[in-house]
$ cat run_19.cif   # mmCIF, C-alpha atoms
data_model
#
loop_
_atom_site.label_atom_id
_atom_site.label_comp_id
_atom_site.auth_asym_id
_atom_site.auth_seq_id
_atom_site.Cartn_x
_atom_site.Cartn_y
_atom_site.Cartn_z
CA MET A 1 -37.88 83.76 -111.65
CA ARG A 2 -39.93 86.93 -111.75
CA TYR A 3 -37.02 89.29 -111.12
CA PRO A 4 -36.88 90.68 -114.71
CA GLU A 5 -40.53 91.67 -114.39
CA LEU A 6 -39.83 93.47 -111.13
CA GLN A 7 -36.92 95.23 -112.84
CA ARG A 8 -39.21 96.38 -115.65
CA LEU A 9 -41.50 97.83 -112.98
CA GLY A 10 -38.50 99.73 -111.60
CA VAL A 11 -38.52 97.82 -108.32
CA GLU A 12 -35.32 97.00 -106.42
CA VAL A 13 -35.32 93.76 -104.42
CA ILE A 14 -33.51 93.04 -101.16
CA GLY A 15 -33.76 89.71 -99.33
CA ALA A 16 -32.92 89.42 -95.64
CA SER A 17 -32.29 86.62 -93.17
CA VAL A 18 -30.21 86.35 -90.00
CA ASP A 19 -27.51 84.39 -91.87
CA ASN A 20 -24.08 85.96 -92.38
CA VAL A 21 -22.57 86.84 -95.77
CA TYR A 22 -20.52 83.62 -95.84
CA THR A 23 -23.63 81.47 -95.49
CA HIS A 24 -25.36 83.58 -98.17
CA LYS A 25 -22.39 82.97 -100.47
CA ILE A 26 -22.39 79.20 -99.96
CA TRP A 27 -26.17 79.05 -100.37
CA GLU A 28 -25.89 80.93 -103.65
CA GLN A 29 -23.08 78.66 -104.88
CA THR A 30 -24.58 75.34 -103.85
CA GLU A 31 -28.30 75.86 -104.34
CA LEU A 32 -29.55 79.22 -105.63
CA SER A 33 -27.29 79.13 -108.68
CA LYS A 34 -28.98 75.88 -109.71
CA MET A 35 -32.36 77.62 -109.60
CA THR A 36 -31.36 80.93 -111.19
CA GLY A 37 -28.73 79.62 -113.61
CA GLY A 38 -26.16 82.07 -112.26
CA THR A 39 -25.60 84.51 -109.43
CA LEU A 40 -28.49 86.03 -107.55
CA PRO A 41 -29.33 89.36 -109.26
CA PHE A 42 -30.17 91.20 -106.01
CA PRO A 43 -28.51 91.56 -102.58
CA LEU A 44 -29.18 89.46 -99.49
CA ALA A 45 -28.88 91.31 -96.19
CA ALA A 46 -26.85 89.58 -93.50
CA ASP A 47 -29.18 90.55 -90.68
CA ARG A 48 -27.13 89.27 -87.75
CA GLY A 49 -29.13 89.60 -84.55
CA GLY A 50 -32.27 90.55 -86.45
CA HIS A 51 -31.58 94.29 -86.30
CA LEU A 52 -33.26 94.99 -89.66
CA GLY A 53 -36.09 92.59 -88.85
CA SER A 54 -36.64 94.39 -85.54
CA LEU A 55 -36.91 97.74 -87.34
CA TYR A 56 -39.72 96.17 -89.38
CA GLY A 57 -41.27 94.34 -86.42
CA VAL A 58 -40.78 90.85 -87.88
CA TYR A 59 -37.88 89.51 -85.79
CA ASP A 60 -38.97 86.57 -83.64
CA GLN A 61 -36.76 86.77 -80.56
CA GLN A 62 -37.67 83.30 -79.29
CA GLN A 63 -36.77 81.57 -82.55
CA GLY A 64 -33.96 83.98 -83.37
CA VAL A 65 -35.14 84.39 -86.98
CA ASN A 66 -37.07 86.87 -89.09
CA GLN A 67 -40.64 85.89 -89.91
CA ARG A 68 -41.50 85.38 -93.56
CA SER A 69 -42.77 88.77 -94.67
CA HIS A 70 -42.35 91.46 -97.29
CA PHE A 71 -42.71 95.19 -97.60
CA LEU A 72 -43.11 97.50 -100.58
CA VAL A 73 -41.68 101.01 -100.23
CA ASP A 74 -42.43 103.79 -102.71
CA PRO A 75 -40.03 106.45 -104.05
CA SER A 76 -41.02 108.89 -101.30
CA GLY A 77 -40.00 106.35 -98.66
CA LYS A 78 -43.53 105.42 -97.56
CA VAL A 79 -44.56 101.83 -96.87
CA GLN A 80 -47.22 100.81 -99.40
CA LEU A 81 -47.59 97.15 -98.49
CA ALA A 82 -46.78 95.05 -95.41
CA CYS A 83 -47.40 91.29 -95.52
CA LEU A 84 -46.74 88.50 -93.01
CA PHE A 85 -46.81 84.83 -94.02
CA PRO A 86 -46.96 81.46 -92.27
CA SER A 87 -43.50 80.01 -91.64
CA ALA A 88 -44.21 76.84 -93.65
CA VAL A 89 -46.02 78.48 -96.57
CA GLY A 90 -44.15 80.31 -99.32
CA ARG A 91 -45.17 83.74 -100.55
CA GLY A 92 -46.81 84.42 -103.93
CA VAL A 93 -44.66 86.56 -106.21
CA GLU A 94 -47.48 86.75 -108.75
CA GLU A 95 -49.70 88.44 -106.18
CA LEU A 96 -46.82 90.73 -105.19
CA VAL A 97 -46.43 91.80 -108.83
CA ARG A 98 -50.18 92.48 -109.03
CA LEU A 99 -50.00 94.62 -105.89
CA ILE A 100 -46.97 96.56 -107.17
CA LYS A 101 -48.80 97.33 -110.44
CA ALA A 102 -51.89 98.41 -108.48
CA CYS A 103 -49.89 100.67 -106.13
CA GLN A 104 -47.99 102.23 -109.03
CA GLU A 105 -51.16 102.88 -111.02
CA GLN A 106 -52.86 104.21 -107.90
CA GLN A 107 -50.08 106.77 -107.46
CA ALA A 108 -50.09 107.66 -111.17
CA THR A 109 -53.86 108.10 -111.55
CA GLY A 110 -55.24 108.64 -108.03
CA GLY A 111 -57.85 105.96 -108.75
CA GLN A 112 -58.80 103.27 -106.27
CA MET A 113 -58.25 99.61 -107.04
CA PRO A 114 -61.13 97.28 -106.18
CA ALA A 115 -60.65 93.70 -104.97
CA ASN A 116 -58.90 91.42 -107.50
CA TRP A 117 -57.97 94.44 -109.62
CA GLN A 118 -55.76 93.64 -112.62
CA PRO A 119 -54.11 96.06 -115.08
CA GLY A 120 -56.72 97.19 -117.60
CA VAL A 121 -59.65 96.81 -115.20
CA ALA A 122 -61.58 100.00 -114.34
CA THR A 123 -60.52 101.79 -111.18
CA LEU A 124 -62.93 103.52 -108.83
CA PRO A 125 -62.99 107.32 -108.37
CA GLY A 126 -63.58 107.05 -104.62
CA ASP A 127 -65.54 110.30 -104.59
CA MET A 128 -68.93 111.35 -103.21
CA ALA A 129 -70.64 111.12 -106.61
CA SER A 130 -69.77 107.43 -107.04
CA THR A 131 -70.74 106.47 -103.49
CA GLY A 132 -73.58 103.97 -103.71
CA TYR A 133 -72.98 103.47 -107.44
CA VAL A 134 -69.81 101.37 -107.32
CA TRP A 135 -71.88 98.36 -108.45
CA LYS A 136 -72.35 100.08 -111.81
CA ILE A 137 -68.58 100.38 -112.39
CA TRP A 138 -67.28 97.26 -110.74
CA LYS A 139 -68.63 93.71 -110.87
CA ALA A 140 -67.53 91.49 -107.99
CA ARG A 141 -66.05 88.20 -109.18
CA MET B 1 -42.35 97.87 -84.77
CA PHE B 2 -44.52 96.59 -87.62
CA PRO B 3 -44.87 99.55 -90.01
CA THR B 4 -48.03 101.47 -90.71
CA VAL B 5 -49.02 101.39 -94.36
CA GLY B 6 -48.68 104.94 -95.66
CA GLY B 7 -46.14 105.75 -92.96
CA ASP B 8 -42.38 106.25 -93.31
CA ALA B 9 -40.36 103.09 -93.92
CA PRO B 10 -37.68 102.54 -91.26
CA ALA B 11 -34.25 103.95 -92.09
CA PHE B 12 -31.59 101.22 -92.11
CA SER B 13 -28.04 100.37 -92.96
CA THR B 14 -27.05 96.74 -93.27
CA GLU B 15 -24.31 94.45 -94.50
CA VAL B 16 -25.38 92.65 -97.67
CA TYR B 17 -24.02 89.82 -99.79
CA PHE B 18 -24.14 90.64 -103.50
CA GLN B 19 -22.40 88.73 -106.29
CA GLY B 20 -19.50 87.42 -104.28
CA GLN B 21 -18.90 90.57 -102.23
CA SER B 22 -19.82 91.88 -98.81
CA THR B 23 -20.99 95.49 -99.03
CA GLN B 24 -23.18 97.97 -97.15
CA LEU B 25 -26.67 98.96 -98.24
CA SER B 26 -28.68 101.75 -96.67
CA SER B 27 -32.20 103.05 -97.14
CA ASP B 28 -30.62 106.36 -98.28
CA GLN B 29 -29.27 104.57 -101.36
CA LEU B 30 -32.81 103.45 -102.18
CA GLN B 31 -34.33 106.92 -101.84
CA GLY B 32 -36.42 107.78 -104.91
CA LYS B 33 -36.90 104.12 -105.88
CA TRP B 34 -39.58 101.51 -105.40
CA TYR B 35 -38.20 98.58 -103.44
CA VAL B 36 -39.32 95.30 -101.97
CA LEU B 37 -37.63 94.17 -98.80
CA TYR B 38 -38.42 90.54 -98.03
CA PHE B 39 -37.57 88.53 -94.95
CA TYR B 40 -37.25 84.76 -94.66
CA SER B 41 -36.26 82.51 -91.79
CA GLY B 42 -32.94 81.26 -93.12
CA ASP B 43 -30.77 80.19 -96.02
CA PHE B 44 -31.40 76.67 -97.35
CA THR B 45 -35.11 77.08 -96.71
CA PHE B 46 -37.58 78.18 -99.34
CA VAL B 47 -38.24 81.91 -99.36
#

$ encode --input "run_19.cif" --output "structure tokens"
Amino acid sequence: MRYPELQRLGVEVIGASVDNVYTHKIWEQTELSKMTGGTLPFPLAADRGGHLGSLYGVYDQQQGVNQRSHFLVDPSGKVQLACLFPSAVGRGVEELVRLIKACQEQQATGGQMPANWQPGVATLPGDMASTGYVWKIWKAR
Amino acid sequence: MFPTVGGDAPAFSTEVYFQGQSTQLSSDQLQGKWYVLYFYSGDFTFV
């Protein structure tokens, strides 16, 4: 599980499905605990009726479930990332961690993160002077 | 409505399950913090 890494990045995690708290409890006891080796370290929202999912535009009324998706919100309450996924394909937490690091460094430095950016890779100034010269700073992989 | 990146995250208050208890969690409690809110179709599926 990548939760400790998210904690080190100062990121709170909240999961949400349309299941009620009793189902969440049984799921934790019978299955999740076997994967995490204990209790789940973050809360699961009991989003009955998809109210929370509707606020985020991911509640599928026909199916009565929330679509697989995730959102990153910064300390000022702004959405920094909004991702939708296929229902039968799991998300990539590694990519989420990369995006969190990029968003945090972007806010700290004001730099711009090119495609496939990883911590330690040069960021782009995004100014007039560098326009047309990005190829000198950044090599596409 | 699907949010605009860079726009305000929706304010919410919801019942949550956390370590054996049912409690309330609101976006106000998360003010000043980075957070990831993830949705999945249902318990006993992969997330």

$ closest_residue --input "run_19.cif" --among "B:Gln21, B:Tyr35, B:Leu30, B:Thr45" --to "chain A" --atoms "all atoms listed in the file"
B:Tyr35

$ residues_around --input "run_19.cif" --residues "Thr23 (chain B)" --least-positions-apart "4" --cutoff "12 Å" --atoms "only C-alpha atoms" --output "VMD selection string"
(chain A and resid 21 43 to 46) or (chain B and resid 13 to 19)

$ residues_around --input "run_19.cif" --residues "region 7-9 of chain A" --least-positions-apart "5" --cutoff "10 Å" --atoms "all atoms listed in the file" --output "VMD selection string"
(chain A and resid 2 97 100 to 101 104) or (chain B and resid 34)

$ interface_residues --input "run_19.cif" --of "chain B" --to "chain A" --cutoff "6 Å" --atoms "all atoms listed in the file" --output "list in words"
Met1, Phe2, Val5, Gly6, Gly7, Asp8, Ala9, Glu15, Val16, Tyr17, Phe18, Gly32, Lys33, Trp34, Tyr35, Val36, Leu37, Tyr38, Phe39, Tyr40, Ser41 and Gly42 of chain B

$ atom_distance --input "run_19.cif" --atom1 "CA of Ile137 (chain A)" --atom2 "CA of Gln107 (chain A)"
20.2 Å

$ atom_distance --input "run_19.cif" --atom1 "CA of Tyr3 (chain A)" --atom2 "CA of Thr4 (chain B)"
26.2 Å

$ atom_distance --input "run_19.cif" --atom1 "CA of Ala129 (chain A)" --atom2 "CA of Gly111 (chain A)"
14.0 Å

$ axis_aligned_box --input "run_19.cif" --around "region 71-81 of chain A" --padding-each-side "5 Å" --output "lines of an AutoDock Vina configuration file"
center_x = -43.8
center_y = 102.0
center_z = -100.5
size_x = 17.6
size_y = 23.7
size_z = 17.2

$ resolve_selection --input "run_19.cif" --expression "the PyMOL selection byres ((chain A and resi 117) around 12)" --output "number ranges by chain"
A: 95, 97-103, 105-106, 111-116, 118-124, 138-141

$ build_atoms --input "run_19.cif" --residues "region 3-14 of chain A" --atoms "N, CA and C atoms" --output "short mmCIF file (atom, residue, chain, number, x, y, z; two decimals), keeping the file's coordinate frame"
data_model
loop_
_atom_site.label_atom_id
_atom_site.label_comp_id
_atom_site.auth_asym_id
_atom_site.auth_seq_id
_atom_site.Cartn_x
_atom_site.Cartn_y
_atom_site.Cartn_z
N TYR A 3 -37.82 88.08 -111.34
CA TYR A 3 -37.02 89.29 -111.12
C TYR A 3 -37.01 90.24 -112.31
N PRO A 4 -36.86 89.75 -113.56
CA PRO A 4 -36.88 90.68 -114.71
C PRO A 4 -38.15 91.52 -114.76
N GLU A 5 -39.28 90.93 -114.39
CA GLU A 5 -40.53 91.67 -114.39
C GLU A 5 -40.51 92.77 -113.32
N LEU A 6 -39.94 92.46 -112.18
CA LEU A 6 -39.83 93.47 -111.13
C LEU A 6 -38.90 94.60 -111.58
N GLN A 7 -37.85 94.22 -112.30
CA GLN A 7 -36.92 95.23 -112.84
C GLN A 7 -37.63 96.16 -113.81
N ARG A 8 -38.46 95.56 -114.68
CA ARG A 8 -39.21 96.38 -115.65
C ARG A 8 -40.15 97.35 -114.93
N LEU A 9 -40.63 96.96 -113.76
CA LEU A 9 -41.50 97.83 -112.98
C LEU A 9 -40.69 98.85 -112.17
N GLY A 10 -39.37 98.78 -112.30
CA GLY A 10 -38.50 99.73 -111.60
C GLY A 10 -38.40 99.46 -110.11
N VAL A 11 -38.51 98.17 -109.74
CA VAL A 11 -38.52 97.82 -108.32
C VAL A 11 -37.21 97.11 -107.95
N GLU A 12 -36.52 97.65 -106.95
CA GLU A 12 -35.32 97.00 -106.42
C GLU A 12 -35.77 95.92 -105.43
N VAL A 13 -34.99 94.87 -105.33
CA VAL A 13 -35.32 93.76 -104.42
C VAL A 13 -34.17 93.55 -103.45
N ILE A 14 -34.50 93.38 -102.18
CA ILE A 14 -33.51 93.04 -101.16
C ILE A 14 -34.08 91.91 -100.32
#
